[in-house]
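protein.txt, holding compact mmCIF, C-alpha atoms:
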# COMPACT_ATOMS: atom_id res chain seq x y z
CA VAL A 1 4.90 -24.12 13.29
CA PRO A 2 1.29 -25.11 12.59
CA SER A 3 0.47 -26.25 9.07
CA LEU A 4 -1.52 -23.04 8.44
CA PHE A 5 1.74 -21.08 8.30
CA ARG A 6 3.65 -23.53 6.11
CA GLU A 7 4.18 -22.92 2.42
CA PRO A 8 5.02 -25.59 -0.16
CA TYR A 9 8.74 -25.91 -0.87
CA ILE A 10 9.72 -23.59 1.99
CA LEU A 11 11.31 -25.89 4.51
CA SER A 12 12.69 -23.48 7.10
CA GLY A 13 12.78 -19.88 8.25
CA TYR A 14 9.36 -19.81 9.88
CA ARG A 15 8.92 -17.53 12.87
CA PRO A 16 7.39 -19.00 16.03
CA VAL A 17 3.73 -18.22 16.72
CA HIS A 18 2.28 -16.47 19.78
CA GLN A 19 5.30 -14.23 20.40
CA GLU A 20 5.00 -10.60 21.43
CA TRP A 21 4.10 -8.24 18.59
CA ARG A 22 7.43 -6.51 19.10
CA SER A 23 9.29 -9.65 18.05
CA TYR A 24 7.48 -9.67 14.71
CA PHE A 25 8.33 -6.01 14.13
CA CYS A 26 11.96 -6.77 15.01
CA SER A 27 11.94 -9.68 12.56
CA LEU A 28 12.11 -7.04 9.85
CA PHE A 29 15.88 -7.23 10.32
CA GLN A 30 16.11 -11.04 10.59
CA CYS A 31 16.19 -13.76 7.97
CA HIS A 32 12.85 -15.60 7.70
CA ASN A 33 10.49 -17.04 5.12
CA GLU A 34 8.66 -13.72 4.53
CA LEU A 35 11.81 -11.61 4.24
CA LEU A 36 11.62 -10.97 0.49
CA ASN A 37 7.87 -10.33 0.57
CA VAL A 38 8.32 -7.72 3.29
CA TRP A 39 11.38 -5.96 1.88
CA THR A 40 10.28 -5.81 -1.76
CA HIS A 41 7.08 -4.03 -0.71
CA LEU A 42 8.80 -1.92 1.93
CA LEU A 43 11.49 -0.64 -0.45
CA ALA A 44 8.85 0.14 -3.06
CA ILE A 45 7.24 2.71 -0.74
CA PRO A 46 10.12 5.24 -0.82
CA ALA A 47 10.63 4.45 -4.52
CA VAL A 48 7.02 5.40 -5.30
CA LEU A 49 7.26 8.52 -3.14
CA LEU A 50 10.55 9.57 -4.75
CA GLN A 51 9.30 8.98 -8.28
CA PHE A 52 6.07 10.86 -7.61
CA SER A 53 7.88 13.79 -5.97
CA LEU A 54 10.28 14.04 -8.93
CA PHE A 55 7.36 13.92 -11.36
CA ALA A 56 5.33 16.45 -9.36
CA GLY A 57 8.33 18.77 -9.09
CA ALA A 58 9.19 18.56 -12.78
CA TRP A 59 5.63 19.36 -13.82
CA GLY A 60 4.84 21.83 -11.03
CA LEU A 61 2.00 19.59 -9.95
CA THR A 62 -0.42 20.93 -7.35
CA LEU A 63 -3.47 19.28 -5.89
CA ASN A 64 -6.44 20.31 -8.01
CA LEU A 65 -9.28 18.64 -9.86
CA ALA A 66 -7.08 17.66 -12.81
CA SER A 67 -4.36 16.08 -10.66
CA LEU A 68 -6.62 14.49 -8.03
CA PRO A 69 -6.85 11.09 -9.81
CA LEU A 70 -3.04 10.92 -9.92
CA PHE A 71 -2.75 11.76 -6.22
CA LEU A 72 -5.39 9.13 -5.43
CA TYR A 73 -3.55 6.59 -7.57
CA VAL A 74 -0.31 7.22 -5.66
CA LEU A 75 -2.20 7.01 -2.37
CA SER A 76 -3.73 3.69 -3.46
CA SER A 77 -0.24 2.42 -4.35
CA LEU A 78 1.10 3.36 -0.93
CA THR A 79 -1.94 1.77 0.75
CA TYR A 80 -1.42 -1.50 -1.09
CA LEU A 81 2.28 -1.61 -0.28
CA SER A 82 1.82 -0.68 3.38
CA PHE A 83 -0.94 -3.21 3.96
CA SER A 84 1.16 -5.90 2.30
CA VAL A 85 4.18 -5.12 4.48
CA ALA A 86 2.02 -5.32 7.60
CA ALA A 87 0.44 -8.61 6.52
CA HIS A 88 3.68 -10.37 5.66
CA LEU A 89 5.55 -9.01 8.66
CA LEU A 90 2.95 -9.70 11.34
CA GLN A 91 0.87 -12.66 10.11
CA SER A 92 2.85 -15.26 12.06
CA HIS A 93 1.52 -14.05 15.41
CA SER A 94 -1.59 -16.24 15.48
CA GLU A 95 -4.27 -17.83 13.33
CA LEU A 96 -6.52 -14.81 13.85
CA ALA A 97 -3.71 -12.42 12.92
CA HIS A 98 -2.89 -14.54 9.87
CA TYR A 99 -6.42 -14.45 8.47
CA SER A 100 -7.12 -10.85 9.51
CA LEU A 101 -3.89 -9.42 8.13
CA PHE A 102 -4.14 -11.24 4.84
CA PHE A 103 -7.70 -9.94 4.52
CA VAL A 104 -6.25 -6.45 5.07
CA ASP A 105 -3.69 -7.30 2.38
CA TYR A 106 -6.55 -8.13 -0.02
CA VAL A 107 -8.22 -4.83 0.89
CA GLY A 108 -4.98 -3.08 -0.07
CA VAL A 109 -5.00 -4.85 -3.42
CA ALA A 110 -8.64 -3.81 -3.95
CA VAL A 111 -7.82 -0.18 -3.10
CA TYR A 112 -4.93 -0.31 -5.56
CA GLN A 113 -7.18 -1.85 -8.21
CA TYR A 114 -9.65 1.00 -7.86
CA GLY A 115 -6.83 3.57 -7.88
CA CYS A 116 -5.57 2.11 -11.16
CA SER A 117 -9.10 2.19 -12.56
CA MET A 118 -9.43 5.88 -11.76
CA GLY A 119 -6.09 6.66 -13.34
CA HIS A 120 -6.99 4.84 -16.53
CA TYR A 121 -10.48 6.33 -16.60
CA PHE A 122 -9.42 9.95 -16.21
CA TYR A 123 -6.09 9.97 -18.05
CA CYS A 124 -6.19 7.22 -20.67
CA SER A 125 -9.72 7.12 -22.02
CA GLU A 126 -11.25 9.21 -24.74
CA PRO A 127 -14.00 11.66 -23.69
CA VAL A 128 -16.42 9.95 -26.08
CA TRP A 129 -15.85 6.64 -24.30
CA ARG A 130 -16.29 8.21 -20.84
CA HIS A 131 -19.71 9.54 -21.85
CA SER A 132 -20.88 6.23 -23.33
CA LEU A 133 -22.78 3.62 -21.32
CA VAL A 134 -19.58 1.65 -20.72
CA GLY A 135 -17.79 4.76 -19.50
CA VAL A 136 -20.64 5.70 -17.18
CA LEU A 137 -20.67 2.20 -15.67
CA PHE A 138 -16.88 1.77 -15.52
CA LEU A 139 -16.02 3.36 -12.15
CA PRO A 140 -19.06 1.95 -10.30
CA GLY A 141 -18.25 -1.44 -11.82
CA ALA A 142 -14.63 -1.16 -10.74
CA ALA A 143 -15.78 -0.28 -7.21
CA ILE A 144 -18.06 -3.33 -7.12
CA LEU A 145 -15.26 -5.58 -8.37
CA ALA A 146 -12.89 -4.13 -5.77
CA CYS A 147 -15.40 -4.91 -3.03
CA LEU A 148 -16.04 -8.39 -4.39
CA SER A 149 -12.33 -9.16 -4.43
CA CYS A 150 -12.43 -8.83 -0.64
CA ALA A 151 -15.54 -10.97 -0.18
Kindly return the structure encoded in the file as structure tokens.
Amino acid sequence: VPSLFREPYILSGYRPVHQEWRSYFCSLFQCHNELLNVWTHLLAIPAVLLQFSLFAGAWGLTLNLASLPLFLYVLSSLTYLSFSVAAHLLQSHSELAHYSLFFVDYVGVAVYQYGCSMGHYFYCSEPVWRHSLVGVLFLPGAAILACLSCA
């Protein structure tokens, strides 16, 4: 494989480049150098959904203004995990796919970062802090940092 796809200390398990997309999707069930990256993120998706559904059921959670930040946090978690699975599973297709998909992976991390910021802002901060200058600038600042992490 080209040097772009090689990682230090990983000597084998690389998938060939320029195969059909289907072969990379099928590699989900094969042993390769990205196997753990793909499966740890993939298995986390149903774990997050299960945990959230148990929590929502136990508390009788419905979508309203008070629960919206929590729903958005869970959505940001699922976005991050899904984008990461796609990046690690499909990046071996070509140089363009490699760079594009890992950029998408960074976007997922940025979305997750902002989702965490909203959760902390709405559920963990004191009202006095939210109304201070720092509190007023916190969410716009987090949005700017999320965008900059993709630049």
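With distances restricted to all atoms listed in the file, A:Ala110 is the closest residue to Tyr80 in chain A from A:Leu28, A:Ala110, A:Leu133, A:Cys116.
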Gap from CA of His18 in chain A to CA of Val85 in chain A - Å, one decimal
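Computing it gives 19.1 Å between the two atoms.
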Using all atoms listed in the file for the distances, tell me which of A:Ala56, A:Leu65, A:Met118, A:Leu81 is nearest to Val104 in chain A.
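When distances to Val104 in chain A are compared using all atoms listed in the file, the smallest one comes from A:Leu81.
Nearest residue to Glu7 in chain A among A:Asn33, A:Ser23, A:Ser92, A:Ser76 is A:Asn33, counting all atoms listed in the file.
Residues in contact range of Gly13 in chain A, defined as at most 12 Å between all atoms listed in the file, with sequence neighbours fewer than 4 positions away removed, read Val1, Phe5, Arg6, Glu7, Tyr9, Ser27, Gln30, Cys31, His32, Asn33, Glu34, Leu35, Leu36 and Ser92 of chain A.
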Counting all atoms listed in the file, the residue of A:Cys26, A:Leu101, A:Leu49, A:Leu148 that sits nearest Leu78 in chain A
A:Leu49
Work out how far CA of Pro8 in chain A is from CA of Glu20 in chain A, in Å to one decimal.
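About the pair CA of Glu20 in chain A and CA of Pro8 in chain A: they are 26.3 Å apart.
With all atoms listed in the file as the basis for measurement, A:Gly119 is the residue among A:Pro127, A:Gly135, A:Gly119, A:Gly141 that approaches Leu68 in chain A most closely.
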For Leu75 in chain A, please output as a PyMOL selection string all residues within 10 Å (counting only C-alpha atoms; exclusion window: fewer than 6 positions along the same chain).
chain A and resi 48-49+69+81+111-112+115
Counting only C-alpha atoms, the option among A:Ala47, A:Val136, A:Leu4, A:Cys147 closest to Val74 in chain A
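Ranking A:Ala47, A:Val136, A:Leu4, A:Cys147 by distance to Val74 in chain A, first place goes to A:Ala47.
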Enclose the full set of atoms of range 109-117 of chain A listed in the file within a box whose edges lie along x, y and z, apply 3 Å of padding to each of the six sides, and report centre and edge lengths in Å to one decimal as lines of an AutoDock Vina configuration file.
center_x = -7.3
center_y = -0.6
center_z = -7.8
size_x = 10.7
size_y = 14.4
size_z = 15.5
How many Å separate CA of Pro140 in chain A from CA of His120 in chain A?
13.9 Å
Skipping near chain neighbours, those fewer than 6 positions away, what residues fall within 12 Å of Trp21 in chain A using only C-alpha atoms, listed as an MDAnalysis selection string?
chainID A and resid 15 27:28 86 89:94 97
Contacts of Ala151 in chain A within 10 Å, all atoms listed in the file, excl. fewer than 2 positions in-chain, as a list in words:
Phe103, Tyr106, Val107, Leu145, Ala146, Cys147, Leu148 and Ser149 of chain A
Take range 56-97 of chain A from the block and save it with N, CA and C atoms, as a compact mmCIF listing (two decimals), in the first residue's frame.
# COMPACT_ATOMS: atom_id res chain seq x y z
N ALA A 56 -34.20 7.54 29.31
CA ALA A 56 -35.42 8.26 28.91
C ALA A 56 -36.66 7.55 29.43
N GLY A 57 -36.65 6.22 29.39
CA GLY A 57 -37.79 5.46 29.89
C GLY A 57 -37.94 5.58 31.40
N ALA A 58 -36.83 5.51 32.11
CA ALA A 58 -36.88 5.59 33.58
C ALA A 58 -37.37 6.95 34.06
N TRP A 59 -37.04 8.00 33.33
CA TRP A 59 -37.42 9.34 33.74
C TRP A 59 -38.63 9.87 32.99
N GLY A 60 -39.22 9.06 32.11
CA GLY A 60 -40.37 9.53 31.34
C GLY A 60 -40.02 10.72 30.47
N LEU A 61 -38.85 10.70 29.90
CA LEU A 61 -38.34 11.83 29.13
C LEU A 61 -39.09 12.00 27.82
N THR A 62 -39.52 13.21 27.56
CA THR A 62 -40.12 13.56 26.27
C THR A 62 -39.34 14.73 25.69
N LEU A 63 -39.46 14.91 24.41
CA LEU A 63 -38.74 16.00 23.75
C LEU A 63 -39.44 17.32 24.04
N ASN A 64 -38.80 18.14 24.84
CA ASN A 64 -39.30 19.48 25.14
C ASN A 64 -38.09 20.40 25.34
N LEU A 65 -38.34 21.62 25.68
CA LEU A 65 -37.27 22.60 25.80
C LEU A 65 -36.24 22.19 26.86
N ALA A 66 -36.69 21.58 27.95
CA ALA A 66 -35.77 21.19 29.02
C ALA A 66 -34.90 20.01 28.62
N SER A 67 -35.43 19.10 27.80
CA SER A 67 -34.67 17.91 27.43
C SER A 67 -33.94 18.04 26.09
N LEU A 68 -34.20 19.11 25.37
CA LEU A 68 -33.59 19.28 24.05
C LEU A 68 -32.06 19.21 24.07
N PRO A 69 -31.37 19.87 25.03
CA PRO A 69 -29.91 19.74 25.04
C PRO A 69 -29.43 18.30 25.21
N LEU A 70 -30.15 17.51 25.99
CA LEU A 70 -29.77 16.10 26.16
C LEU A 70 -29.96 15.32 24.86
N PHE A 71 -31.08 15.54 24.18
CA PHE A 71 -31.31 14.89 22.89
C PHE A 71 -30.24 15.31 21.88
N LEU A 72 -29.88 16.58 21.87
CA LEU A 72 -28.84 17.05 20.95
C LEU A 72 -27.48 16.47 21.30
N TYR A 73 -27.22 16.31 22.59
CA TYR A 73 -25.97 15.68 23.01
C TYR A 73 -25.89 14.24 22.50
N VAL A 74 -26.98 13.49 22.67
CA VAL A 74 -27.01 12.10 22.19
C VAL A 74 -26.86 12.07 20.68
N LEU A 75 -27.54 12.96 19.99
CA LEU A 75 -27.41 13.04 18.53
C LEU A 75 -25.97 13.36 18.13
N SER A 76 -25.32 14.25 18.86
CA SER A 76 -23.92 14.57 18.55
C SER A 76 -23.01 13.37 18.81
N SER A 77 -23.31 12.59 19.83
CA SER A 77 -22.54 11.37 20.10
C SER A 77 -22.69 10.37 18.97
N LEU A 78 -23.90 10.18 18.50
CA LEU A 78 -24.15 9.24 17.41
C LEU A 78 -23.52 9.73 16.11
N THR A 79 -23.52 11.03 15.89
CA THR A 79 -22.87 11.61 14.70
C THR A 79 -21.38 11.34 14.72
N TYR A 80 -20.76 11.62 15.85
CA TYR A 80 -19.31 11.39 15.99
C TYR A 80 -18.97 9.92 15.75
N LEU A 81 -19.70 9.03 16.36
CA LEU A 81 -19.41 7.60 16.21
C LEU A 81 -19.64 7.12 14.79
N SER A 82 -20.73 7.55 14.17
CA SER A 82 -21.04 7.14 12.79
C SER A 82 -20.00 7.65 11.80
N PHE A 83 -19.62 8.91 11.94
CA PHE A 83 -18.62 9.48 11.04
C PHE A 83 -17.28 8.77 11.20
N SER A 84 -16.95 8.40 12.43
CA SER A 84 -15.69 7.71 12.68
C SER A 84 -15.70 6.31 12.07
N VAL A 85 -16.81 5.61 12.21
CA VAL A 85 -16.92 4.28 11.59
C VAL A 85 -16.73 4.40 10.09
N ALA A 86 -17.41 5.34 9.47
CA ALA A 86 -17.30 5.52 8.02
C ALA A 86 -15.86 5.84 7.61
N ALA A 87 -15.21 6.72 8.35
CA ALA A 87 -13.84 7.11 8.00
C ALA A 87 -12.89 5.93 8.09
N HIS A 88 -12.94 5.20 9.19
CA HIS A 88 -11.99 4.11 9.38
C HIS A 88 -12.31 2.91 8.49
N LEU A 89 -13.56 2.73 8.15
CA LEU A 89 -13.94 1.60 7.31
C LEU A 89 -13.63 1.85 5.83
N LEU A 90 -13.80 3.07 5.37
CA LEU A 90 -13.74 3.35 3.93
C LEU A 90 -12.50 4.11 3.46
N GLN A 91 -11.67 4.59 4.37
CA GLN A 91 -10.57 5.48 3.99
C GLN A 91 -9.52 4.85 3.09
N SER A 92 -9.45 3.55 3.02
CA SER A 92 -8.42 2.89 2.21
C SER A 92 -8.72 2.89 0.72
N HIS A 93 -9.86 3.41 0.33
CA HIS A 93 -10.24 3.37 -1.09
C HIS A 93 -9.26 4.14 -1.97
N SER A 94 -8.93 5.35 -1.58
CA SER A 94 -8.06 6.19 -2.40
C SER A 94 -7.52 7.33 -1.54
N GLU A 95 -6.59 8.08 -2.10
CA GLU A 95 -6.05 9.23 -1.39
C GLU A 95 -7.14 10.26 -1.12
N LEU A 96 -7.98 10.51 -2.12
CA LEU A 96 -9.08 11.46 -1.94
C LEU A 96 -10.04 10.99 -0.86
N ALA A 97 -10.39 9.71 -0.89
CA ALA A 97 -11.28 9.16 0.14
C ALA A 97 -10.63 9.26 1.51
